[in-house]
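> Mind having a look at this structure? Questions to follow.
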There are 2 protein chains.
Amino acid sequence: MKIAKMLGQRFKETPAECKIQSHIFMIRGGYMKRVGEGIYSLLPPALRITKKIENIIREEMDRIGGQEVLLPVAMPATLWKESGRFEAVGSELLRFKDRGGIDMVLGMTHEEAAVHLARHTAESYMNYPFMIYQIQTKFRDEPRSRGGLIRVREFTMKDAYSFHLTQEDLEEYYDKCHKAYERIFARVGVPEVISVKSDSGMMGGRVAHEFMLITDIGEDKLVVCDSCDYRSNMEVAECIVENAETEVKDLESVYTPHSKTIEDLCEYLSIDPKLTCKAVMYLKKKSYEPVVVFVRGDMEVNEIKVQNYLKEEIIPDDGSTETGIVYGFTGPVGLDIKGTILIDNSLKGMNNMVCGANKENYHYINVNLERDMKKPFEYHDFSKAYQGSICPCCGKKTINICRGIEVGNIFQLGKKYTETMEMQYIDKDGVLQNPIMGCYGIGVGRLSASVCEARHDENGPIWPMSIAPWQVHICAIRPDNEEVAKISNALYEELQNKKVEVIFDDRKVSAGVMFADADLLGVPVRVIVSPKTISRGAVEISFRDKSYKADISIENAAEEIQKIVAEQLAKFDI
Amino acid sequence: MKIAKMLGQRFKETPAECKIQSHIFMIRGGYMKRVGEGIYSLLPPALRITKKIENIIREEMDRIGGQEVLLPVAMPATLWKESGRFEAVGSELLRFKDRGGIDMVLGMTHEEAAVHLARHTAESYMNYPFMIYQIQTKFRDEPRSRGGLIRVREFTMKDAYSFHLTQEDLEEYYDKCHKAYERIFARVGVPEVISVKSDSGMMGGRVAHEFMLITDIGEDKLVVCDSCDYRSNMEVAECIVENAETEVKDLESVYTPHSKTIEDLCEYLSIDPKLTCKAVMYLKKKSYEPVVVFVRGDMEVNEIKVQNYLKEEIIPDDGSTETGIVYGFTGPVGLDIKGTILIDNSLKGMNNMVCGANKENYHYINVNLERDMKKPFEYHDFSKAYQGSICPCCGKKTINICRGIEVGNIFQLGKKYTETMEMQYIDKDGVLQNPIMGCYGIGVGRLSASVCEARHDENGPIWPMSIAPWQVHICAIRPDNEEVAKISNALYEELQNKKVEVIFDDRKVSAGVMFADADLLGVPVRVIVSPKTISRGAVEISFRDKSYKADISIENAAEEIQKIVAEQLAKFDI
């Protein structure tokens with residue numbers, strides 16, 4: 001392709017709305033154009049990257065026996081009513097009525113459609129196991145789209161669904177798919193992607209993993225052990241705390257004016273927040289019944305854990321509901337409310353702690369829960385792991401908190417969908433059974449942006465050869481020079497004949513503009529043809545990642561370049 | 001792929017809702033499953049065909065310089081408001097509001113999105129011409145979906161948009177695209193597809209062609225000359241009529257009771273309908289003003305022509321609006337209404353015709369329009385061409401009326417979208433200009449169903465090698481026989497190693513079931529391995545179209561089959 005005729009403009013200025021590097025470069029490089037909130041059109045460079053990523057995913061899905069299918073983007077809501085998600089999922093599920101007044105949805109995930117396709121077509125145990133997948137457009141009406149392709153409303157996704165006779169078979173396949181995902185991320189050039197345990201959220205099921213690219217701009221908080229393999233999403237990471245034993249003292253009520261926050265309280269009493277007990281107030285979303293969680297003063301409540309424990313959604317208590325709580329002075333001792341009181345593990349073994357006395361301007365000191373709580377209670381894990389906390393796997397204080405972009409996820413769904421949607425098979429003994437499901441997703445666009453986040457310098461992306469929009473970028477400097485024109489055109493032709501993917505810049509622009517554009521397109525191998533290189537009898541070849549630069553003779557150029565491309569591609573043949 | 005593990009069931013019974021062969025076979029063969037009205041999920045055989053068709057289209061679009069892009073499925077309605085189509089297009093355009101209350105549409109065609117992508121990124125005349133295309137899901141809220149993939153609501157389409165500086169350049173490119181389409185249809189195995197002149201409808205613009213597969217089940221009526229190259233959609237086909245001259249007689253009013261229809265009138269007067277003048281009544285859709293069209297009694301009004309002439313929509317006049325018309329006795333002579341009177345070419349040169357006298361139970365005879373009409377009038381072409389009418393191209397009475405399925409279309413759009421949406425470039429003289437557009441569509445799913453319509457026998461589809469879901473179908477009859485199992489498995493392996501696409505049936509089912517399934521899957525080359533063939537030292541090879549059947553020795557089988565597949569594929573290398 002000649003760059004002069006390629007649709008799209010490249011430019012220097014960073015658009016105000018672009019906050020992260022991949023978004024900046026993919027806008028500045030003419031990869032995509034915003035159409036609406038979280039909706040983009042893709043120009044040729046982005047589409048070429050996308051197609052290559054899709055093909056790598058397709059190969060790896062086929063390798064583990066996947067059968068490619070195509071499920072609808074728009075589907076009747078009846079399917080989602082069958083599974084119960086039409087009601088359960090929030091407004092990110094786009095609902096509409098068709099011209100006949102029929103309730104419809106735009107697919108944001110396709111468990112329902114997959115079960116619809118498979119049921120009645122896999123009725124014997126002999127049809128199992130099998131996996132189907134598709135690469136298709138999805139729509140998710142995100143409240144806040146951000147970061148270019150990182151969080152959009154319309155996106156291309158590979159989603160796969162496997163069906164099994166037994167939990168063991170699902171687990172075996174789940175591991176296979178885990179490995180296929182590792183291969184995919186390695187082949188697209190981000191082998192550093194890690195998998196973390198995660199919450200299954202609205203998908204249902206128990207075991208789930210997310211594949212994360214570690215980066216400060218990630219939306220997810222991750223809990224990673226520096227000394228063992230433990231990796232988890234913050235949402236589900238177990239938090240283990242040890243409290244030093246101290247001599248037991250008598251419970252006392254003290255006057256603590258202006259001490260509604262832990263910070264003020266600690267300032268007033270001159271104590272460490274670790275010695276306090278913090279009350280965090282929520283309401284059950286449906287009943288507005290209060291939920292008070294007590295954690296150690298220096299720690300934070302993990303709301304996902306609270307919701308999973310309660311098996312219902314909670315919202316922060318903004319104080320506008322009548323609950324009987326003395327805000328700012330709430331403590332577990334003597335708290336009498338019509339609601340739920342939860343005690344976090346972090347309070348275990350703490351004697352002599354400070355907590356609210358449920359009375360305006362008063363706190364207790366020297367609290368010992370086991371001694372002072374009049375009601376029976378249990379400790380549970382409701383708090384967030386923190387930097388330096390204890391690893392639940394190796395037991396060392398080596399927990400590291402970092403951020404990541406979720407580029408894929410896998411779920412063991414169990415029978416949630418096959419039971420609600422009545423998908424059945426006849427087992428060996430003639431008995432009707434529901435198959436067990438797994439599902440496996442990768443966002444294609446987000447993955448391309450993530451590779452850009454992981455592989456760029458200050459001037460633009462550095463695309464891995466396996467997914468680069470082109471393999472070679474020829475810059476003909478001074479294309480009005482007859483020799484330059486002849487040699488660069490011949491090289492362009494020759495490389496195309498050798499099936500090398502070339503983008504050719506023979507515009508009459510300065511070398512500076514040419515190189516800036518080449519940096520933005522991030523093609524791995526650059527070839528410069530100029531009067532200067534020709535005077536040396538050579539063209540200059542360099543790698544976008546700056547790891548290599550050399551002259552090669554004009555005669556051997558095409559052949560040499562083809563070899564270099566092949567060598568770089570081979571690195572991804574794993 | 002082993003058929004035993006492939007998702008999907010094949011069966012004998014024709015489902016009640018399936019009326020045409022492609023629909024019947026694609027349901028009975030496990031190609032697809034209905035999800036909702038006009039919405040299908042595709043199973044592996046259909047998706048494999050689809051992907052092959054897409055790749056052929058992609059190659060041909062790239063060959064004429066197309067740049068692949070991806071435009072959104074869901075887009076803000078603002079784009080469609082800019083072009084004016086948000087109001088102009090009916091309820092087949094699916095409109096909805098997102099969670100923020102923003103008006104959105106699901107793309108049924110992407111002129112707006114294409115202009116949005118191209119404007120401000122192609123601002124110099126030097127960027128022109130260029131063509132962008134995408135292969136993407138579209139949604140069209142059809143009132144009546146039918147015929148399986150022939151008319152659906154959600155479908156995959158290749159849509160292309162070209163941008164030019166001059167009309168000449170557009171026309172040149174339009175011809176190139178026309179040829180690319182011919183190559184596409186030939187390569188997917190339906191070289192008999194013809195192009196016909198067509199109405200540009202809601203797309204705007206003037207010149208347009210549709211690519212049609214001639215078949216009785218087609219929705220479109222076509223006008224094809226048997227003695228020259230003239231081909232047109234009925235909607236725009238010129239109708240030429242010759243009337244024999246007769247001796248001029250005097251106008252007379254006659255009593256014609258119970259003669260409200262041409263049929264009754266001709267019966268009553270014992271005359272040929274060709275001697276009458278028929279009145280066909282419409283109302284303008286917006287104003288409800290009457291429109292009366294007069295045509296020769298044996299002919300039909302072409303409403304598209306009337307609308308194109310009036311430049312507004314018409315609806316049939318059901319008589320419920322007060323128009324002053326004497327229904328059943330309406331004639332051009334003395335008709336006095338507040339509305340539009342149109343006279344068709346077919347009445348030219350007719351003297352002595354019979355027409356309504358605008359008076360209950362009376363007709364005129366011996367009408368001569370030029371003599372008897374008191375108001376000035378013009379003849380125009382408002383009628384439908386008919387079997388045996390005169391070809392507007394060669395002048396012979398060789399017009400043939402047939403039906404076709406529209407598998408593609410191309411339009412010269414002109415500046416309709418670039419003007420309304422303010423897409424501009426700076427020309428050589430520094431003046432702002434709107435580029436001229438063309439657009440080019442192919443429905444992928446409909447094309448696959450059309451190939452099935454064109455290529456099938458009573459037992460199932462006969463897929464051309466270029467798009468067949470697999471190239472070779474191995475039937476291992478008696479797979480419990482050790483020899484059969486060994487030889488068929490080895491052949492399956494060997495062919496896969498040779499990159500031949502094989503589907504392998506080693507189920508323990510009867511030969512009858514196996515062959516019926518193979519017929520439904522329509523794979524071009526079938527290989528039978530059975531105790532009988534083995535006793536002859538051979539496997540049996542046959543073509544799905546029954547043109548070939550032979551034994552080949554077991555040793556050479558893989559190599560021979562590979563050769564046969566390559567030979568068949570080569571036929572599509574045009």
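Labels for the structure tokens follow display order: chains A, B, ..., residues from 1 in each chain, ligands from 1.
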Check every residue of chain B for an atom within 6 Å of chain A, counting only C-alpha atoms, and provide those that qualify as a ChimeraX atom specification.

/B:5,8-9,41-44,47,68-72,121,127

> Can you pull out every residue from region 120-154 of chain A that DSSP, working from the backbone, puts in strand (DSSP E or B), and format the result as an MDAnalysis selection string?

chainID A and resid 124 130:139 146 151 154

> Can you tell me which residues surround Cys452 (chain A) at a distance of at most 10 Å, considering only C-alpha atoms, apart from same-chain residues fewer than 5 positions away, and format the answer as a PyMOL selection string?

chain A and resi 21-23+25-26+189-190+446-447+457+460-464+522

> For those residues, write C-alpha atoms to a file as a PDB file, in the first residue's frame.


ATOM      1  CA  GLN A  21      -0.570   6.193  25.217  1.00  0.00           C
ATOM      2  CA  SER A  22      -2.459   3.624  23.128  1.00  0.00           C
ATOM      3  CA  HIS A  23      -5.373   6.006  22.702  1.00  0.00           C
ATOM      4  CA  PHE A  25      -1.062   6.924  19.262  1.00  0.00           C
ATOM      5  CA  MET A  26      -4.050   5.190  17.688  1.00  0.00           C
ATOM      6  CA  GLY A 189       3.523 -10.151  21.496  1.00  0.00           C
ATOM      7  CA  VAL A 190       2.557  -9.785  25.145  1.00  0.00           C
ATOM      8  CA  ARG A 446      -8.783  -4.037  23.720  1.00  0.00           C
ATOM      9  CA  LEU A 447      -6.008  -6.545  23.108  1.00  0.00           C
ATOM     10  CA  ASP A 457       8.228   4.476  22.867  1.00  0.00           C
ATOM     11  CA  GLY A 460       4.560   5.679  18.699  1.00  0.00           C
ATOM     12  CA  PRO A 461       3.700   1.968  18.890  1.00  0.00           C
ATOM     13  CA  ILE A 462       6.287  -0.742  18.316  1.00  0.00           C
ATOM     14  CA  TRP A 463       4.091  -3.490  16.872  1.00  0.00           C
ATOM     15  CA  PRO A 464       5.296  -7.083  17.194  1.00  0.00           C
ATOM     16  CA  GLY A 522       5.077   1.293  14.214  1.00  0.00           C
TER      17      GLY A 522
END

> Just the residues within 10 Å of Cys277 (chain A), please, counting only C-alpha atoms, with nothing from its chain fewer than 2 positions along; format it as a list in words.

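Near neighbours after the sequence-gap exclusion: Ile262, Pro273, Lys274, Leu275, Ala279, Val280, Val293, Phe294, Val295, Arg296, Gly297, Asp298, Met299, Thr330, Gly331, Pro332, Ile343, Asp344, Ser346, Leu347, Met350, Met353, Val354, Cys355, Gly356 and Val367 of chain A.
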
> Can you spit out the residues from that selection as a PDB file, in the first residue's frame, using C-alpha atoms?


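Output file result38.pdb is given in full below:
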ATOM      1  CA  ILE A 262     -10.481   7.446  61.797  1.00  0.00           C
ATOM      2  CA  PRO A 273      -5.113   3.586  62.893  1.00  0.00           C
ATOM      3  CA  LYS A 274      -4.121  -0.074  63.192  1.00  0.00           C
ATOM      4  CA  LEU A 275      -5.385   0.044  66.754  1.00  0.00           C
ATOM      5  CA  ALA A 279     -17.334   1.002  60.697  1.00  0.00           C
ATOM      6  CA  VAL A 280     -18.282   1.153  57.002  1.00  0.00           C
ATOM      7  CA  VAL A 293     -18.961  -3.802  58.179  1.00  0.00           C
ATOM      8  CA  PHE A 294     -16.269  -3.493  60.825  1.00  0.00           C
ATOM      9  CA  VAL A 295     -12.633  -3.628  59.705  1.00  0.00           C
ATOM     10  CA  ARG A 296      -9.338  -2.586  61.183  1.00  0.00           C
ATOM     11  CA  GLY A 297      -8.956   1.190  60.943  1.00  0.00           C
ATOM     12  CA  ASP A 298      -6.108   1.130  58.422  1.00  0.00           C
ATOM     13  CA  MET A 299      -7.877  -1.240  56.028  1.00  0.00           C
ATOM     14  CA  THR A 330     -20.458   3.483  65.315  1.00  0.00           C
ATOM     15  CA  GLY A 331     -18.887   0.463  66.976  1.00  0.00           C
ATOM     16  CA  PRO A 332     -19.621  -3.240  67.305  1.00  0.00           C
ATOM     17  CA  ILE A 343     -16.943  -8.445  61.422  1.00  0.00           C
ATOM     18  CA  ASP A 344     -13.811  -8.676  59.295  1.00  0.00           C
ATOM     19  CA  SER A 346      -8.657  -8.137  60.479  1.00  0.00           C
ATOM     20  CA  LEU A 347     -10.188  -7.598  63.908  1.00  0.00           C
ATOM     21  CA  MET A 350      -7.004  -7.462  68.462  1.00  0.00           C
ATOM     22  CA  MET A 353      -8.834  -1.575  70.198  1.00  0.00           C
ATOM     23  CA  VAL A 354     -10.642   1.727  69.839  1.00  0.00           C
ATOM     24  CA  CYS A 355     -14.114   1.828  68.363  1.00  0.00           C
ATOM     25  CA  GLY A 356     -17.235   3.963  68.285  1.00  0.00           C
ATOM     26  CA  VAL A 367     -12.240  -3.154  73.323  1.00  0.00           C
TER      27      VAL A 367
END

> With distances taken over only C-alpha atoms, which of A:Glu87, A:Asp103, A:Glu219, A:Glu378 is nearest to Ile150 (chain A)?

A:Glu219

> Neighbours of Met234 (chain A) within 6 Å (only C-alpha atoms; same-chain residues fewer than 5 positions away dropped), as a PDB file with C-alpha atoms, in the first residue's frame?


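Written output follows (out11.pdb):
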ATOM      1  CA  LYS A 221      -6.465  -3.757  40.958  1.00  0.00           C
ATOM      2  CA  LEU A 222      -4.417  -6.916  41.217  1.00  0.00           C
ATOM      3  CA  VAL A 223      -2.891  -8.782  44.125  1.00  0.00           C
TER       4      VAL A 223
END

> Quick one: everything within 8 Å of Tyr125 (chain A), counting only C-alpha atoms, minus sequence neighbours fewer than 5 positions away in the same chain. Send it as a PDB file with C-alpha atoms, in the first residue's frame.


ATOM      1  CA  LEU A 165     -20.619 -34.223  30.813  1.00  0.00           C
ATOM      2  CA  TYR A 425     -28.764 -34.703  26.952  1.00  0.00           C
ATOM      3  CA  ILE A 426     -29.490 -38.351  27.510  1.00  0.00           C
ATOM      4  CA  ASP A 427     -26.704 -40.033  29.436  1.00  0.00           C
ATOM      5  CA  LYS A 428     -25.448 -43.611  29.063  1.00  0.00           C
TER       6      LYS A 428
END

> From a DSSP pass on the backbone, collect the residues of region 178-403 of chain A flagged as helix (DSSP H, G or I) and hand them back as a PyMOL selection string.

chain A and resi 178-187+201-203+262-269+273-275+303-310+345-347+369-372

> May I have the residues from that selection written out with N, CA and C atoms, as a CSV table (one decimal), in the first residue's frame?


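What follows is the written file part_13.csv:
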chain,number,residue,atom,x,y,z
A,178,HIS,N,-6.8,-22.4,29.1
A,178,HIS,CA,-5.9,-21.5,29.8
A,178,HIS,C,-4.6,-21.5,29.1
A,179,LYS,N,-4.1,-22.7,28.7
A,179,LYS,CA,-2.9,-22.8,27.9
A,179,LYS,C,-3.0,-22.1,26.6
A,180,ALA,N,-4.1,-22.3,25.9
A,180,ALA,CA,-4.3,-21.7,24.6
A,180,ALA,C,-4.3,-20.2,24.7
A,181,TYR,N,-4.8,-19.7,25.8
A,181,TYR,CA,-4.8,-18.2,26.0
A,181,TYR,C,-3.3,-17.7,26.2
A,182,GLU,N,-2.6,-18.5,27.0
A,182,GLU,CA,-1.2,-18.1,27.2
A,182,GLU,C,-0.5,-18.1,25.8
A,183,ARG,N,-0.8,-19.0,24.9
A,183,ARG,CA,-0.2,-19.1,23.6
A,183,ARG,C,-0.6,-17.8,22.8
A,184,ILE,N,-1.9,-17.5,22.9
A,184,ILE,CA,-2.4,-16.3,22.2
A,184,ILE,C,-1.7,-15.1,22.6
A,185,PHE,N,-1.6,-14.9,23.9
A,185,PHE,CA,-1.0,-13.6,24.3
A,185,PHE,C,0.5,-13.6,24.0
A,186,ALA,N,1.2,-14.7,24.0
A,186,ALA,CA,2.6,-14.8,23.6
A,186,ALA,C,2.7,-14.5,22.1
A,187,ARG,N,1.8,-15.1,21.3
A,187,ARG,CA,1.9,-14.9,19.9
A,187,ARG,C,1.5,-13.5,19.4
A,201,GLY,N,-18.8,-12.7,38.8
A,201,GLY,CA,-19.8,-11.6,38.5
A,201,GLY,C,-21.1,-12.1,38.0
A,202,MET,N,-21.6,-11.3,37.0
A,202,MET,CA,-22.9,-11.6,36.4
A,202,MET,C,-22.9,-12.9,35.6
A,203,MET,N,-21.7,-13.5,35.4
A,203,MET,CA,-21.7,-14.7,34.5
A,203,MET,C,-22.2,-15.9,35.3
A,262,ILE,N,-11.6,8.1,61.2
A,262,ILE,CA,-10.5,7.4,61.8
A,262,ILE,C,-9.3,8.4,61.9
A,263,GLU,N,-9.1,9.2,60.9
A,263,GLU,CA,-8.0,10.2,60.9
A,263,GLU,C,-8.1,11.1,62.1
A,264,ASP,N,-9.3,11.7,62.2
A,264,ASP,CA,-9.5,12.7,63.4
A,264,ASP,C,-9.3,12.0,64.7
A,265,LEU,N,-9.9,10.8,64.8
A,265,LEU,CA,-9.9,10.0,66.0
A,265,LEU,C,-8.4,9.7,66.4
A,266,CYS,N,-7.6,9.3,65.5
A,266,CYS,CA,-6.2,8.9,65.7
A,266,CYS,C,-5.4,10.1,66.1
A,267,GLU,N,-5.7,11.2,65.5
A,267,GLU,CA,-5.1,12.5,65.8
A,267,GLU,C,-5.4,12.9,67.2
A,268,TYR,N,-6.7,12.8,67.6
A,268,TYR,CA,-7.2,13.2,68.9
A,268,TYR,C,-6.6,12.3,70.0
A,269,LEU,N,-6.5,11.0,69.7
A,269,LEU,CA,-6.1,10.1,70.8
A,269,LEU,C,-4.6,9.8,70.6
A,273,PRO,N,-3.8,4.1,63.4
A,273,PRO,CA,-5.1,3.6,62.9
A,273,PRO,C,-5.2,2.1,63.0
A,274,LYS,N,-4.1,1.4,63.0
A,274,LYS,CA,-4.1,-0.1,63.2
A,274,LYS,C,-4.7,-0.5,64.5
A,275,LEU,N,-4.8,0.4,65.4
A,275,LEU,CA,-5.4,0.0,66.8
A,275,LEU,C,-6.9,0.4,66.8
A,303,GLU,N,-16.0,-4.6,48.7
A,303,GLU,CA,-17.5,-4.7,48.6
A,303,GLU,C,-18.0,-6.0,47.9
A,304,ILE,N,-17.1,-6.4,46.9
A,304,ILE,CA,-17.5,-7.7,46.2
A,304,ILE,C,-17.6,-8.8,47.2
A,305,LYS,N,-16.6,-8.9,48.2
A,305,LYS,CA,-16.7,-10.0,49.2
A,305,LYS,C,-18.0,-9.9,50.0
A,306,VAL,N,-18.3,-8.6,50.4
A,306,VAL,CA,-19.6,-8.4,51.1
A,306,VAL,C,-20.8,-8.9,50.3
A,307,GLN,N,-20.8,-8.5,49.1
A,307,GLN,CA,-22.0,-8.9,48.2
A,307,GLN,C,-22.0,-10.4,48.0
A,308,ASN,N,-20.8,-11.0,47.8
A,308,ASN,CA,-20.8,-12.5,47.6
A,308,ASN,C,-21.3,-13.2,48.9
A,309,TYR,N,-20.9,-12.6,50.1
A,309,TYR,CA,-21.3,-13.2,51.3
A,309,TYR,C,-22.8,-13.1,51.5
A,310,LEU,N,-23.3,-11.9,51.2
A,310,LEU,CA,-24.7,-11.6,51.4
A,310,LEU,C,-25.6,-12.2,50.3
A,345,ASN,N,-12.1,-10.3,59.4
A,345,ASN,CA,-11.0,-11.1,59.9
A,345,ASN,C,-9.9,-10.2,60.5
A,346,SER,N,-9.8,-9.0,60.0
A,346,SER,CA,-8.7,-8.1,60.5
A,346,SER,C,-8.8,-7.7,61.9
A,347,LEU,N,-10.0,-8.0,62.5
A,347,LEU,CA,-10.2,-7.6,63.9
A,347,LEU,C,-9.9,-8.8,64.9
A,369,LEU,N,-13.3,-7.8,71.3
A,369,LEU,CA,-14.6,-8.2,70.8
A,369,LEU,C,-15.2,-9.4,71.5
A,370,GLU,N,-14.3,-10.5,71.6
A,370,GLU,CA,-14.8,-11.7,72.2
A,370,GLU,C,-15.4,-11.5,73.6
A,371,ARG,N,-14.8,-10.6,74.2
A,371,ARG,CA,-15.2,-10.3,75.6
A,371,ARG,C,-16.4,-9.4,75.6
A,372,ASP,N,-16.4,-8.3,74.8
A,372,ASP,CA,-17.3,-7.2,74.9
A,372,ASP,C,-18.6,-7.3,74.1

> Could you please determine the separation between CA of Ser488 (chain A) and CA of Phe543 (chain A) in Å, to one decimal place?

18.0 Å

> Excluding Pro435 (chain A) and residues on its chain fewer than 6 positions from it, collect all residues at most 9 Å away from it, counting only C-alpha atoms, and give them as a PDB file with N, CA and C atoms, in the first residue's frame.


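Listed below is the output, selection00.pdb:
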ATOM      1  N   TYR A 128     -20.758 -35.114  23.273  1.00  0.00           N
ATOM      2  CA  TYR A 128     -19.960 -34.306  24.200  1.00  0.00           C
ATOM      3  C   TYR A 128     -18.559 -34.849  24.342  1.00  0.00           C
ATOM      4  N   PHE A 163     -19.053 -27.360  26.404  1.00  0.00           N
ATOM      5  CA  PHE A 163     -20.124 -28.138  27.042  1.00  0.00           C
ATOM      6  C   PHE A 163     -19.582 -29.511  27.411  1.00  0.00           C
ATOM      7  N   HIS A 164     -19.817 -29.926  28.640  1.00  0.00           N
ATOM      8  CA  HIS A 164     -19.199 -31.140  29.170  1.00  0.00           C
ATOM      9  C   HIS A 164     -20.193 -31.997  29.939  1.00  0.00           C
ATOM     10  N   LEU A 165     -19.790 -33.285  30.061  1.00  0.00           N
ATOM     11  CA  LEU A 165     -20.619 -34.223  30.813  1.00  0.00           C
ATOM     12  C   LEU A 165     -20.298 -34.166  32.307  1.00  0.00           C
ATOM     13  N   THR A 166     -19.038 -33.893  32.629  1.00  0.00           N
ATOM     14  CA  THR A 166     -18.645 -33.919  34.044  1.00  0.00           C
ATOM     15  C   THR A 166     -17.818 -32.686  34.396  1.00  0.00           C
ATOM     16  N   GLY A 414     -20.576 -23.932  35.138  1.00  0.00           N
ATOM     17  CA  GLY A 414     -21.440 -24.939  35.739  1.00  0.00           C
ATOM     18  C   GLY A 414     -22.722 -25.105  34.946  1.00  0.00           C
ATOM     19  N   LYS A 415     -23.839 -25.290  35.659  1.00  0.00           N
ATOM     20  CA  LYS A 415     -25.109 -25.584  34.992  1.00  0.00           C
ATOM     21  C   LYS A 415     -26.061 -24.388  34.971  1.00  0.00           C
ATOM     22  N   THR A 418     -27.552 -24.041  31.451  1.00  0.00           N
ATOM     23  CA  THR A 418     -28.169 -25.247  30.895  1.00  0.00           C
ATOM     24  C   THR A 418     -29.394 -25.653  31.712  1.00  0.00           C
ATOM     25  N   GLU A 419     -29.394 -25.329  32.997  1.00  0.00           N
ATOM     26  CA  GLU A 419     -30.577 -25.635  33.808  1.00  0.00           C
ATOM     27  C   GLU A 419     -31.706 -24.650  33.521  1.00  0.00           C
ATOM     28  N   MET A 423     -31.346 -27.061  28.655  1.00  0.00           N
ATOM     29  CA  MET A 423     -30.548 -27.823  27.695  1.00  0.00           C
ATOM     30  C   MET A 423     -30.215 -29.161  28.347  1.00  0.00           C
ATOM     31  N   GLN A 424     -30.557 -30.227  27.635  1.00  0.00           N
ATOM     32  CA  GLN A 424     -30.381 -31.555  28.229  1.00  0.00           C
ATOM     33  C   GLN A 424     -29.804 -32.549  27.235  1.00  0.00           C
ATOM     34  N   TYR A 425     -29.181 -33.572  27.784  1.00  0.00           N
ATOM     35  CA  TYR A 425     -28.764 -34.703  26.952  1.00  0.00           C
ATOM     36  C   TYR A 425     -29.157 -35.979  27.672  1.00  0.00           C
TER      37      TYR A 425
END

> Have a look at CA of Thr246 (chain B) and CA of Asn368 (chain B) and let me know their distance in Å, one decimal.

10.8 Å

> What is the CA of Glu453 (chain B)-CA of Ile135 (chain B) distance in Å, reported with one decimal?

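Computed distance, CA of Glu453 (chain B) to CA of Ile135 (chain B), equals 23.0 Å.
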